[in-house]
Amino acid sequence: MTKNTKKNTSSPAQPAPGSAASCSAPDTPAPGGVVVFLKYAVKILVTAGIVAVLVYSSKKHGTFDGVDFSGLNWGWLGAAFLLYLVHLFVNAWRWRLLLAYRAIPCSLFSAFSLTTQSFFFSLVMPGGAIGGDVIRAGFLAYRVPKGQKFDGVFTILMDRFTGMIGIFLTVFLALPFAWRYLDGTDPRAKLLTFALLGASAAGLLAAVVIFLHRQLEKLAFFRWGEEFGARLTHGFSTKLLTALDSYSGATKEIVWCVIASILGVNLVLGLCFYCVCLAFSSSLAPLFAPIVAAITVGNIAGLIPLTMSGIGLRDYFVAAILGAAIAELPDCPVAELAPTLVMTGVIIAGGLFGGIFFLFDNPRKKQPPQAPAPPEE
């Protein structure tokens with residue numbers, strides 16, 4: 001008997017790679033998949049729970065009685081949906097501006113397609129907006145040359161970064177026109193609103209520090225903070241700051257992105273919600289400023305990854321501020337939660353709109369078939 005034969009017969013218990021025995025293990029679900037599923041289920045329960053509590057509380061106080069959704073003005077609702085699509089288009093234009101700065105080939109149509117698809121997946125993935133961005137990064141990788149994949153993915157982070165600066169600035173621009181309404185909100189809602197405003201101020205300060213970090217490195221305390229952050233994140237924070245330095249010459253593009261975020265994204269969302277309110281009653285027409293402030297604060301709350309796409313958390317803050325404003329109107333028949341829930345419906349419909357692009361403009365479907373791998377000898 002040869003030496004090779006002995007070696008083969010000496011270990012019969014070890015299955016060959018790809019054999020039936022080696023494939024029997026995946027019958028049990030992977031622990032990571034179970035955790036993701038549980039997170040997804042918890043988010044759905046939290047979202048449904050918050051909405052249920054809001055509806056129950058409104059019914060308990062009688063503010064939800066007599067709401068007639070069948071009497072909505074569909075013209076105003078159509079205008080609201082079109083404005084939401086405009087908001088999606090500006091998001092795509094803002095991102096394409098960053099792609100163009102990095103000389104990454106991507107048409108405006110492709111940017112719009114991938115942006116709407118990311119909004120679609122943010123509705124159905126556990127990660128919310130972050131999960132949608134992960135999908136957008138994966139689809140972008142199919143459209144750009146191999147050497148530009150990292151730069152392309154990093155533009156998504158920069159797009160999200162400038163978008164957050166825009167929403168933080170918008171809330172401080174709109175809040176002076178609606179400040180007095182905060183006193184009329186529930187004390188808990190008022191306290192949580194102030195917490196969101198504090199987080200927004202901290203976010204703006206962090207953005208200034210990030211953009212000026214090279215100048216601030218002259219300070220010993222700041223250098224110590226950078227070194228501590230690098231140790232804490234295993235060097236990721238250093239890589240992130242180095243990547244941000246590649247946009248040091250993109251001042252004009254970043255300024256335009258922030259302006260687009262304020263005017264074309266957040267203000268347009270305010271107009272969208274304003275149209276939803278007018279669909280209920282024209283008596284809400286004088287409340288433009290508190291309506292914009294309400295939806296902006298609500299969208300900041302929606303960034304917290306506790307519910308599905310911010311649903312529930314957004315509704316809580318929007319209804320609180322809108323309710324305080326409606327209370328000052330004489331004999332206004334509109335319950336504050338009703339326009340809030342319809343606005344959530346518009347957001348969901350806009351997200352589902354991205355599903356059309358996923359079905360017909362999926363970049364994976366456009367890839368040429370790969371050549372079969374040569375057989376193993």
# chains A, B, ... in the order shown; residues from 1 in each chain; ligands from 1
>>> residues_around(residues="Val265 (chain A)", least_positions_apart="2", cutoff="12 Å", atoms="only C-alpha atoms", output="PyMOL selection string")
chain A and resi 83-94+162-167+170+257-263+267-272+292+295-296+299
>>> residues_around(residues="region 40-48 of chain A", least_positions_apart="2", cutoff="7 Å", atoms="only C-alpha atoms", output="VMD selection string")
chain A and resid 36 to 38 50 to 52 126 306 to 308 311 to 312
>>> residues_around(residues="region 344-349 of chain A", least_positions_apart="2", cutoff="8 Å", atoms="only C-alpha atoms", output="list of chain:residue names")
A:Ala80, A:Phe81, A:Tyr84, A:Leu123, A:Ile311, A:Asp315, A:Thr340, A:Leu341, A:Val342, A:Gly351, A:Leu352, A:Phe353
>>> select_by_dssp(residues="region 180-339 of chain A", states="alpha helix (DSSP H)", output="number ranges by chain")
A: 187-211, 213-216, 220-232, 236-245, 251-259, 268-280, 288-302, 313-326, 337-339
>>> residues_around(residues="Ser282 (chain A)", least_positions_apart="6", cutoff="12 Å", atoms="only C-alpha atoms", output="number ranges by chain")
A: 72-73, 76, 274-276, 288, 329, 332-334
>>> write_last_selection(atoms="C-alpha atoms", output="compact mmCIF listing (two decimals), in the first residue's frame")
# COMPACT_ATOMS: atom_id res chain seq x y z
CA LEU A 72 -58.60 65.42 2.26
CA ASN A 73 -57.81 67.70 -0.64
CA TRP A 76 -52.58 69.42 -2.00
CA TYR A 274 -47.23 72.51 4.68
CA CYS A 275 -49.14 71.12 1.68
CA VAL A 276 -50.19 68.11 3.76
CA PHE A 288 -45.85 78.03 7.86
CA LEU A 329 -55.88 79.15 16.18
CA CYS A 332 -59.34 74.91 14.27
CA PRO A 333 -60.89 71.50 13.55
CA VAL A 334 -57.61 69.72 12.72
>>> atom_distance(atom1="CA of Cys277 (chain A)", atom2="CA of Ala293 (chain A)")
13.7 Å
>>> atom_distance(atom1="CA of Gly138 (chain A)", atom2="CA of Glu253 (chain A)")
24.0 Å
>>> atom_distance(atom1="CA of Arg214 (chain A)", atom2="CA of Ser237 (chain A)")
13.8 Å
>>> residues_around(residues="Pro176 (chain A)", least_positions_apart="3", cutoff="12 Å", atoms="only C-alpha atoms", output="list of chain:residue names")
A:Thr170, A:Val171, A:Phe172, A:Leu173, A:Trp179, A:Arg180, A:Tyr181, A:Leu182, A:Ala289, A:Pro290, A:Val292, A:Ala293
>>> closest_residue(among="A:Leu240, A:Ser113, A:Gly235, A:Phe168", to="Ala202 (chain A)", atoms="only C-alpha atoms")
A:Phe168
